[in-house]
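Structure file run20.cif (mmCIF, C-alpha atoms and all ligand atoms) is printed below.
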```cif
data_upload
loop_
_atom_site.label_atom_id
_atom_site.label_comp_id
_atom_site.auth_asym_id
_atom_site.auth_seq_id
_atom_site.Cartn_x
_atom_site.Cartn_y
_atom_site.Cartn_z
CA MET A 637 -25.81 -9.73 -23.31
CA LYS A 638 -22.54 -11.58 -22.94
CA LYS A 639 -22.93 -14.77 -20.90
CA LEU A 640 -20.87 -14.86 -17.75
CA ASP A 641 -18.19 -17.45 -17.17
CA VAL A 642 -19.91 -20.13 -15.00
CA ALA A 643 -17.26 -20.04 -12.24
CA LEU A 644 -17.41 -16.24 -12.02
CA ALA A 645 -21.22 -16.33 -11.98
CA ALA A 646 -21.10 -18.84 -9.10
CA ARG A 647 -18.63 -16.67 -7.13
CA MET A 648 -20.82 -13.64 -7.70
CA ALA A 649 -23.96 -15.48 -6.58
CA ALA A 650 -22.16 -16.65 -3.39
CA ARG A 651 -20.88 -13.16 -2.58
CA GLY A 652 -24.23 -11.61 -3.48
CA THR A 653 -26.05 -13.95 -1.09
CA ALA A 654 -23.57 -13.13 1.70
CA ASN A 655 -23.85 -9.36 1.09
CA TYR A 656 -27.61 -9.60 1.01
CA ALA A 657 -27.65 -11.42 4.35
CA LYS A 658 -25.21 -8.88 5.89
CA ARG A 659 -27.16 -5.95 4.38
CA THR A 660 -24.04 -4.68 2.63
CA PRO A 661 -24.19 -3.36 -0.96
CA LEU A 662 -24.44 -5.66 -3.97
CA ALA A 663 -23.58 -2.76 -6.28
CA VAL A 664 -21.37 0.27 -5.75
CA SER A 665 -20.76 3.23 -8.03
CA PHE A 666 -17.38 4.94 -7.80
CA GLU A 667 -17.98 8.41 -9.24
CA LEU A 668 -14.37 9.04 -10.24
CA THR A 669 -14.96 12.72 -10.96
CA HIS A 670 -17.87 15.14 -11.14
CA SER A 671 -16.17 16.92 -14.03
CA CYS A 672 -17.80 16.29 -17.35
CA THR A 673 -17.27 16.92 -21.05
CA CYS A 674 -21.03 17.40 -21.52
CA ASN A 675 -23.61 19.66 -19.96
CA CYS A 676 -26.79 17.60 -20.24
CA LEU A 677 -30.14 19.24 -19.66
CA HIS A 678 -31.30 16.57 -17.17
CA CYS A 679 -28.13 16.40 -15.06
CA ASP A 680 -26.32 18.48 -12.42
CA HIS A 681 -22.77 17.26 -13.19
CA GLY A 682 -22.14 19.27 -16.36
CA GLY A 683 -18.85 21.03 -17.07
CA LEU A 684 -15.30 20.84 -15.72
CA LYS A 685 -14.52 21.11 -11.98
CA PRO A 686 -10.86 22.17 -11.95
CA ARG A 687 -10.19 22.06 -8.20
CA GLU A 688 -12.00 18.85 -7.34
CA GLU A 689 -10.57 16.75 -4.51
CA GLN A 690 -9.94 13.22 -5.79
CA ILE A 691 -8.87 10.03 -4.04
CA THR A 692 -6.20 7.83 -5.62
CA ALA A 693 -6.22 4.41 -7.29
CA GLU A 694 -4.82 2.92 -4.07
CA ASP A 695 -7.69 4.48 -2.09
CA TYR A 696 -10.13 2.87 -4.53
CA ARG A 697 -8.40 -0.51 -4.06
CA LYS A 698 -8.91 -0.30 -0.29
CA LEU A 699 -12.55 0.77 -0.67
CA GLU A 700 -13.32 -2.07 -3.07
CA ARG A 701 -11.73 -4.67 -0.75
CA LYS A 702 -13.73 -3.27 2.14
CA LEU A 703 -17.11 -3.00 0.40
CA LYS A 704 -16.70 -6.15 -1.75
CA PRO A 705 -19.59 -5.51 -4.16
CA ILE A 706 -20.44 -8.03 -6.84
CA LEU A 707 -20.94 -5.21 -9.30
CA LEU A 708 -18.89 -2.04 -9.50
CA GLN A 709 -19.59 0.94 -11.72
CA LEU A 710 -16.92 3.45 -12.65
CA SER A 711 -19.02 6.50 -13.36
CA GLY A 712 -19.11 10.25 -12.90
CA GLY A 713 -19.29 12.92 -14.30
CA GLU A 714 -17.22 11.48 -17.10
CA PRO A 715 -14.95 8.70 -15.74
CA LEU A 716 -12.67 8.69 -18.80
CA LEU A 717 -11.51 12.20 -17.85
CA ARG A 718 -9.38 10.65 -15.08
CA PRO A 719 -5.76 10.43 -16.31
CA ASP A 720 -5.25 7.51 -13.85
CA PHE A 721 -8.32 5.65 -15.17
CA PHE A 722 -6.41 2.42 -15.97
CA ASP A 723 -4.59 2.47 -12.59
CA ILE A 724 -8.03 2.61 -10.95
CA VAL A 725 -9.32 -0.30 -13.07
CA ASP A 726 -6.24 -2.37 -12.13
CA ALA A 727 -6.64 -1.45 -8.46
CA VAL A 728 -10.31 -2.38 -8.08
CA LYS A 729 -10.28 -5.67 -10.00
CA GLU A 730 -9.63 -8.64 -7.71
CA ASP A 731 -7.65 -11.74 -8.80
CA SER A 732 -10.92 -13.71 -8.63
CA GLY A 733 -12.31 -11.68 -11.55
CA MET A 734 -14.72 -9.86 -9.26
CA PRO A 735 -16.33 -7.45 -9.18
CA TYR A 736 -18.22 -7.30 -12.48
CA LEU A 737 -16.89 -3.97 -13.73
CA ILE A 738 -18.97 -1.51 -15.73
CA VAL A 739 -17.77 1.81 -17.12
CA VAL A 740 -20.69 4.28 -17.36
CA SER A 741 -19.70 6.92 -19.90
CA ASN A 742 -20.94 9.47 -22.41
CA ALA A 743 -18.19 8.06 -24.73
CA SER A 744 -16.94 11.51 -25.78
CA ARG A 745 -13.39 10.39 -24.83
CA LEU A 746 -13.84 6.75 -25.82
CA THR A 747 -11.89 5.27 -28.73
CA GLU A 748 -11.54 1.74 -30.06
CA GLU A 749 -8.06 1.60 -28.52
CA ILE A 750 -9.29 2.65 -25.06
CA TYR A 751 -12.17 0.15 -25.26
CA LEU A 752 -9.85 -2.77 -26.08
CA LYS A 753 -7.31 -1.72 -23.45
CA ALA A 754 -10.10 -1.46 -20.85
CA LEU A 755 -11.24 -5.03 -21.61
CA ASP A 756 -7.62 -6.22 -21.27
CA HIS A 757 -7.48 -4.54 -17.86
CA GLY A 758 -10.65 -6.28 -16.65
CA VAL A 759 -13.59 -4.03 -17.57
CA ASN A 760 -16.59 -6.28 -18.29
CA GLN A 761 -19.03 -3.82 -19.81
CA PHE A 762 -19.48 -0.31 -21.17
CA SER A 763 -22.75 1.46 -20.50
CA ILE A 764 -23.02 4.40 -22.91
CA SER A 765 -25.68 7.09 -22.89
CA LEU A 766 -27.98 7.60 -25.87
CA ASP A 767 -30.80 10.11 -25.43
CA PHE A 768 -31.97 10.46 -29.06
CA PRO A 769 -31.40 8.35 -32.20
CA ASP A 770 -30.02 11.39 -34.06
CA GLU A 771 -28.23 14.75 -33.60
CA ARG A 772 -30.78 15.88 -31.00
CA HIS A 773 -28.53 13.85 -28.69
CA ASP A 774 -25.94 16.65 -29.13
CA GLU A 775 -28.47 19.36 -28.31
CA PHE A 776 -29.57 17.52 -25.17
CA ARG A 777 -25.98 16.87 -24.07
CA LYS A 778 -24.61 20.26 -25.22
CA PHE A 779 -21.79 18.52 -27.08
CA LYS A 780 -21.58 19.10 -30.83
CA GLY A 781 -20.58 16.02 -32.83
CA LEU A 782 -21.17 13.48 -30.04
CA TYR A 783 -23.91 11.63 -31.93
CA ASN A 784 -21.74 11.28 -35.05
CA HIS A 785 -18.89 10.07 -32.84
CA LEU A 786 -21.19 7.39 -31.40
CA SER A 787 -22.46 6.29 -34.82
CA ASP A 788 -18.90 5.91 -36.02
CA LEU A 789 -17.49 4.32 -32.85
CA ILE A 790 -20.14 1.92 -31.50
CA PRO A 791 -20.29 -0.34 -34.62
CA LYS A 792 -16.46 -0.54 -34.54
CA LEU A 793 -16.60 -1.68 -30.91
CA THR A 794 -19.43 -4.18 -31.33
CA ARG A 795 -17.66 -5.71 -34.36
CA HIS A 796 -15.12 -7.18 -31.91
CA GLY A 797 -17.92 -9.53 -30.85
CA HIS A 798 -17.68 -9.14 -27.05
CA ASN A 799 -21.38 -8.24 -26.77
CA ASN A 800 -20.68 -5.95 -23.83
CA ILE A 801 -21.94 -2.55 -24.96
CA VAL A 802 -25.23 -1.34 -23.47
CA MET A 803 -26.70 1.96 -24.62
CA ASN A 804 -28.34 3.77 -21.74
CA THR A 805 -31.50 5.78 -22.44
CA ALA A 806 -33.00 7.90 -19.66
CA ILE A 807 -36.67 8.36 -20.60
CA THR A 808 -37.74 12.02 -20.51
CA ARG A 809 -40.75 13.89 -21.88
CA TRP A 810 -38.45 15.06 -24.69
CA ASN A 811 -37.31 11.69 -26.00
CA LEU A 812 -40.57 9.85 -25.21
CA PRO A 813 -41.66 9.68 -28.89
CA TYR A 814 -38.27 8.23 -29.90
CA LEU A 815 -37.75 5.27 -27.55
CA GLU A 816 -38.26 2.67 -30.26
CA GLY A 817 -35.92 4.76 -32.44
CA CYS A 818 -33.23 4.51 -29.73
CA TYR A 819 -33.74 0.74 -29.65
CA GLU A 820 -33.50 0.56 -33.48
CA LYS A 821 -30.29 2.61 -33.39
CA ALA A 822 -28.71 0.39 -30.73
CA LYS A 823 -29.67 -2.66 -32.82
CA GLU A 824 -28.25 -1.11 -36.01
CA TRP A 825 -24.98 -0.48 -34.12
CA GLY A 826 -24.90 -4.06 -32.79
CA ALA A 827 -25.34 -2.92 -29.17
CA ASN A 828 -27.84 -3.65 -26.38
CA ILE A 829 -30.02 -1.05 -24.71
CA SER A 830 -31.29 -0.30 -21.21
CA PHE A 831 -34.09 2.15 -20.44
CA SER A 832 -34.20 4.18 -17.27
CA ALA A 833 -36.56 6.85 -15.91
CA TYR A 834 -35.79 10.56 -15.70
CA SER A 835 -35.93 11.89 -12.16
CA ALA A 836 -36.36 15.57 -11.36
CA GLU A 837 -34.59 14.96 -8.02
CA ARG A 838 -31.16 16.04 -9.39
CA THR A 839 -32.05 19.35 -11.00
CA LYS A 840 -35.58 19.97 -9.66
CA ASN A 841 -36.57 20.56 -13.29
CA GLN A 842 -40.08 19.23 -14.02
CA GLU A 843 -39.81 20.09 -17.73
CA TYR A 844 -38.58 16.58 -18.63
CA ASN A 845 -40.95 14.74 -16.31
CA ILE A 846 -43.82 12.68 -17.74
CA SER A 847 -47.06 13.48 -15.97
CA ALA A 848 -49.65 14.84 -18.43
CA PRO A 849 -52.34 12.24 -19.34
CA GLU A 850 -51.49 12.30 -23.07
CA ASP A 851 -47.76 11.78 -22.30
CA LEU A 852 -48.55 8.93 -19.91
CA GLU A 853 -50.68 7.31 -22.61
CA LEU A 854 -47.80 7.54 -25.08
CA LEU A 855 -45.44 6.12 -22.44
CA ARG A 856 -47.80 3.18 -21.80
CA LYS A 857 -47.95 2.41 -25.55
CA SER A 858 -44.16 2.78 -25.89
CA ILE A 859 -43.50 0.44 -22.94
CA ASP A 860 -45.94 -2.12 -24.39
CA ARG A 861 -44.08 -1.90 -27.69
CA LEU A 862 -40.69 -2.32 -25.99
CA LEU A 863 -42.01 -5.39 -24.13
CA GLU A 864 -43.20 -6.81 -27.45
CA ILE A 865 -39.80 -6.19 -29.05
CA LYS A 866 -38.04 -7.62 -25.99
CA SER A 867 -39.99 -10.87 -26.19
CA SER A 868 -38.66 -11.47 -29.70
CA ASN A 869 -35.01 -10.50 -29.24
CA GLY A 870 -32.48 -10.08 -26.47
CA ARG A 871 -31.19 -6.57 -27.07
CA ILE A 872 -33.34 -4.84 -24.43
CA VAL A 873 -31.67 -5.76 -21.15
CA ASN A 874 -34.34 -4.46 -18.74
CA SER A 875 -36.48 -6.96 -16.91
CA ASP A 876 -40.16 -6.85 -17.87
CA TRP A 877 -40.96 -5.68 -14.34
CA THR A 878 -38.62 -2.67 -14.46
CA LEU A 879 -40.17 -1.60 -17.77
CA THR A 880 -43.72 -1.80 -16.42
CA GLY A 881 -42.45 -0.28 -13.15
CA THR A 882 -41.14 2.71 -15.14
CA TYR A 883 -44.67 3.45 -16.35
CA GLU A 884 -46.04 3.05 -12.80
CA PHE A 885 -43.30 5.37 -11.47
CA PHE A 886 -44.27 8.22 -13.81
CA LYS A 887 -48.01 7.58 -13.39
CA ASN A 888 -47.83 7.60 -9.58
CA GLY A 889 -45.19 10.34 -9.36
CA GLY A 890 -42.84 8.07 -7.37
CA ALA A 891 -42.01 4.50 -6.37
CA PRO A 892 -41.76 3.25 -2.79
CA GLY A 893 -39.35 0.63 -1.39
CA CYS A 894 -35.97 2.15 -2.28
CA LYS A 895 -32.90 0.33 -0.86
CA ALA A 896 -30.33 3.06 -1.54
CA GLY A 897 -27.43 2.93 0.90
CA GLU A 898 -28.19 -0.71 1.70
CA ARG A 899 -28.10 -2.69 -1.59
CA TYR A 900 -26.18 -0.05 -3.55
CA MET A 901 -24.33 3.15 -2.84
CA VAL A 902 -22.11 5.81 -4.36
CA VAL A 903 -18.57 6.93 -3.48
CA ASN A 904 -17.90 10.59 -4.28
CA PRO A 905 -14.65 11.70 -5.97
CA ASP A 906 -13.26 12.78 -2.56
CA GLY A 907 -13.98 9.36 -0.99
CA THR A 908 -17.06 10.41 0.97
CA MET A 909 -20.19 8.35 0.49
CA ARG A 910 -23.80 8.88 -0.45
CA PRO A 911 -26.72 6.50 -0.84
CA CYS A 912 -27.50 7.34 -4.47
CA SER A 913 -26.37 9.64 -7.24
CA MET A 914 -29.42 11.91 -6.97
CA PHE A 915 -28.68 13.59 -3.64
CA ASP A 916 -25.72 15.86 -3.01
CA LEU A 917 -24.78 14.27 0.34
CA LYS A 918 -21.44 13.42 1.95
CA PHE A 919 -21.12 10.76 4.66
CA LYS A 920 -17.73 9.89 6.13
CA SER A 921 -18.53 6.18 6.39
CA ARG A 922 -21.14 3.62 5.41
CA GLU A 923 -22.10 3.19 9.04
CA GLU A 924 -22.86 6.92 9.32
CA MET A 925 -24.89 6.75 6.07
CA VAL A 926 -26.93 3.77 7.33
CA GLU A 927 -27.59 5.49 10.65
CA GLN A 928 -28.46 8.93 9.25
CA PHE A 929 -30.10 8.05 5.92
CA VAL A 930 -30.96 4.38 5.32
CA LYS A 931 -32.86 3.79 8.55
CA GLY A 932 -35.32 6.62 7.89
CA ASN A 933 -35.39 6.54 4.08
CA THR A 934 -38.87 6.86 2.62
CA CYS A 935 -37.76 8.51 -0.64
CA GLY A 936 -39.30 7.24 -3.87
CA SER A 937 -38.31 10.11 -6.15
CA CYS A 938 -36.50 8.12 -8.81
CA TYR A 939 -36.75 4.86 -10.69
CA VAL A 940 -33.33 4.82 -12.35
CA SER A 941 -32.55 1.24 -13.29
CA ILE A 942 -30.03 0.45 -10.52
CA ARG A 943 -32.54 1.56 -7.89
CA ALA A 944 -35.42 -0.24 -9.58
CA TYR A 945 -33.60 -3.52 -10.03
CA LEU A 946 -31.85 -3.70 -6.68
CA SER A 947 -34.94 -2.78 -4.69
CA GLU A 948 -36.60 -6.07 -5.63
CA SER A 949 -36.38 -9.22 -3.52
CA TYR A 950 -33.02 -10.97 -3.79
CA TRP A 951 -34.70 -14.18 -4.95
CA LYS A 952 -36.44 -12.34 -7.77
CA MET A 953 -33.08 -10.86 -8.87
CA LEU A 954 -31.26 -14.17 -8.48
CA SER A 955 -33.86 -16.24 -10.34
CA ASP A 956 -33.76 -13.69 -13.14
CA ASN A 957 -29.98 -13.99 -13.36
CA VAL A 958 -29.80 -17.73 -12.98
CA ARG A 959 -32.43 -18.11 -15.71
CA GLU A 960 -30.35 -16.14 -18.16
CA ARG A 961 -26.97 -16.93 -16.51
CA VAL A 962 -26.02 -13.32 -16.86
CA LEU A 963 -26.04 -10.57 -14.31
CA LYS A 964 -28.61 -8.05 -15.50
CA SER A 965 -25.88 -5.54 -15.29
CA GLY A 966 -27.21 -3.49 -18.15
CA GLU A 967 -29.95 -2.65 -15.68
CA THR A 968 -27.58 -0.77 -13.52
CA GLY A 969 -26.88 2.37 -15.48
CA CYS A 970 -27.30 5.10 -12.84
C1 LIG A 1001 -24.80 10.71 -14.40
S1 LIG A 1001 -24.34 9.93 -15.87
C2 LIG A 1001 -22.62 9.52 -15.56
C3 LIG A 1001 -21.94 8.80 -16.67
C4 LIG A 1001 -21.77 9.53 -17.99
N1 LIG A 1001 -21.40 10.88 -17.84
C5 LIG A 1001 -23.00 9.39 -18.86
O1 LIG A 1001 -23.69 10.35 -19.13
O2 LIG A 1001 -23.27 8.26 -19.25
C6 LIG A 1001 -25.08 8.31 -15.77
C7 LIG A 1001 -26.47 8.20 -16.38
O3 LIG A 1001 -27.36 9.00 -15.60
C8 LIG A 1001 -28.33 9.53 -16.47
N2 LIG A 1001 -28.94 10.69 -15.83
C9 LIG A 1001 -28.43 11.92 -15.65
N3 LIG A 1001 -29.32 12.73 -15.04
C10 LIG A 1001 -30.43 11.97 -14.83
C11 LIG A 1001 -31.70 12.23 -14.23
N4 LIG A 1001 -32.01 13.42 -13.76
N5 LIG A 1001 -32.59 11.22 -14.17
C12 LIG A 1001 -32.28 10.00 -14.68
N6 LIG A 1001 -31.10 9.68 -15.23
C13 LIG A 1001 -30.19 10.67 -15.32
C14 LIG A 1001 -27.55 9.85 -17.72
O4 LIG A 1001 -28.37 9.99 -18.86
C15 LIG A 1001 -26.60 8.69 -17.80
O5 LIG A 1001 -27.10 7.67 -18.63
S1 LIG A 1002 -25.46 12.84 -17.73
FE1 LIG A 1002 -23.34 12.22 -17.80
S2 LIG A 1002 -22.56 13.32 -19.60
FE2 LIG A 1002 -24.40 14.38 -19.00
S3 LIG A 1002 -23.71 16.05 -17.66
FE3 LIG A 1002 -24.35 14.27 -16.41
S4 LIG A 1002 -22.46 13.22 -16.00
FE4 LIG A 1002 -22.09 14.55 -17.77
S1 LIG A 1003 -35.64 6.73 -4.64
FE1 LIG A 1003 -33.74 6.03 -3.67
S2 LIG A 1003 -32.21 6.10 -5.31
FE2 LIG A 1003 -33.95 7.38 -5.94
S3 LIG A 1003 -33.50 9.48 -5.26
FE3 LIG A 1003 -34.68 8.49 -3.63
S4 LIG A 1003 -33.11 7.63 -2.24
FE4 LIG A 1003 -32.12 8.04 -4.20
#
```
Reformat the file's structure so that it appears as structure tokens.
Ligand SMILES: C[S@@+](CC[C@H](N)C(=O)[O-])C[C@H]1O[C@@H](n2cnc3c(N)ncnc32)[C@H](O)[C@@H]1O
Ligand code: SF4
Ligand code: SF4
Amino acid sequence: MKKLDVALAARMAARGTANYAKRTPLAVSFELTHSCTCNCLHCDHGGLKPREEQITAEDYRKLERKLKPILLQLSGGEPLLRPDFFDIVDAVKEDSGMPYLIVVSNASRLTEEIYLKALDHGVNQFSISLDFPDERHDEFRKFKGLYNHLSDLIPKLTRHGHNNIVMNTAITRWNLPYLEGCYEKAKEWGANISFSAYSAERTKNQEYNISAPEDLELLRKSIDRLLEIKSSNGRIVNSDWTLTGTYEFFKNGGAPGCKAGERYMVVNPDGTMRPCSMFDLKFKSREEMVEQFVKGNTCGSCYVSIRAYLSESYWKMLSDNVRERVLKSGETGC
């Protein structure tokens, strides 16, 4: 992944340490809309939501200055559906260069022009979903032609040499045999890749969960293979411990120790807040969310990468980042 400017990395480490001490979020996801161009089988945000209440770019500016995360995701739904997308980018980026800004997108609306404009406006990284290394991606996302669009677009973007594209693969029972294929595709396109775990919490659909002994065995072998690949090249951005943790999560049917609402949180399109993207909750303020959710949270129903990574000890995260002098931001796809 792209190395961070040393001064920016130092500012981020200082703010991260302060946020950690104050128990305020290190990472925030602004879900700009819950409308989407896709209708993915594992997600509950599919389709357009014509009458959605949406806060403005100025509202996002105020929220960012109040929450002061070191890492901010612009996600959704599909964030590039917002006609005021660039106003929002301008509003949330501080003069200091913070926060580290990631657009999490299915790329259906992404073009080379939009990518370059987004970098000019201060976006640091694009995190783009890839569920299969072929047209099954379209079937899974219910969007014909999306895979061909990605195969045409991603190499054009990576050719600019910014090294800031991370493909995002949520591991399900369906794509389990093709994880190395997804890695190979990302490599062929010149991109990086981050693996995350499917959670049935969103849709309550167990069909994509990995629980049968033969599936768990295949997962264990696939994770071992990804660790082997990772040790010989830098394209897989997960930490070793989140990859092994992904296997443990599926094997144990959960993972304890979640810090949702404390180390990271989500802002809904209408400005209300929720601890993570899995639950359909609406809190009026962070204080209310901490009181009513964080203090009694024993949930371990997902191991998506942002949850996995930010639930570890701060020193483990920091030493990881200092070692590579890059925020493991690829790890934070929702
Ligand atoms: C909710 S989407 C929002 C951004 C954008 N629409 C996209 O698909 O990249 C963010 C990420 O969450 C993943 N996701 C959706 N449903 C999930 C689930 N049930 N478990 C784990 N990851 C999920 C998607 O595959 C995607 O990579
Ligand atoms: S995963 Fe992303 S692209 Fe798919 S329906 Fe959900 S929000 Fe839309
Ligand atoms: S484990 Fe944490 S992030 Fe995952 S669904 Fe539960 S509360 Fe949300």
Give me, as a PyMOL selection string, all polymer residues having an atom no more than 7 Å from Glu771 in chain A, counting all atoms listed in the file and skipping those fewer than 2 positions away in the same chain. chain A and resi 773-774+783
Anything within 12 Å of (-39.3, 7.5, 2.4): list those residues as a ChimeraX atom specification, counting all atoms listed in the file and sticking to the file's coordinates. /A:890-896,929-938
Using only C-alpha atoms and all ligand atoms, find the one residue out of A:Lys866, A:Lys840, A:Arg861, A:Arg871 that sits nearest to ligand LIG 1003 (chain A).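 Closest to ligand LIG 1003 (chain A) of all the choices is A:Lys840.
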Set the cut-off to 9 Å, count all atoms listed in the file, and list whatever residues fall near ligand LIG 1001 (chain A) as a PyMOL selection string. chain A and resi 667+670-674+676-682+710-715+739-743+763-767+777+803-808+832-841+844+913-914+938-941+969-970
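Checking A:Arg856, A:Arg899, A:Arg659, A:Lys918 one by one against ligand LIG 1003 (chain A), counting all atoms listed in the file, you find the shortest gap at A:Arg899.
Taking CA of Asn760 in chain A as the reference point, CA of Arg701 in chain A is found at 18.3 Å.
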With distances taken over only C-alpha atoms and all ligand atoms, which residue among A:Leu815, A:Val759, A:Leu879, A:Leu668 lies nearest ligand LIG 1002 (chain A)?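 The answer is A:Leu668, which sits nearest to ligand LIG 1002 (chain A).
Interatomic distance, CA of Leu644 in chain A to CA of Tyr656 in chain A: 17.8 Å.
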Distance CA of Thr908 in chain A-atom FE4 of ligand LIG 1002 (chain A), one decimal place?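 According to the coordinates, CA of Thr908 in chain A and atom FE4 of ligand LIG 1002 (chain A) are separated by 19.8 Å.
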I'd like to know which of A:Lys920, A:Lys821, A:Arg809, A:Arg910 is closest to ligand LIG 1003 (chain A), using only C-alpha atoms and all ligand atoms.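 Of the candidates, the smallest distance to ligand LIG 1003 (chain A) is held by A:Arg910.
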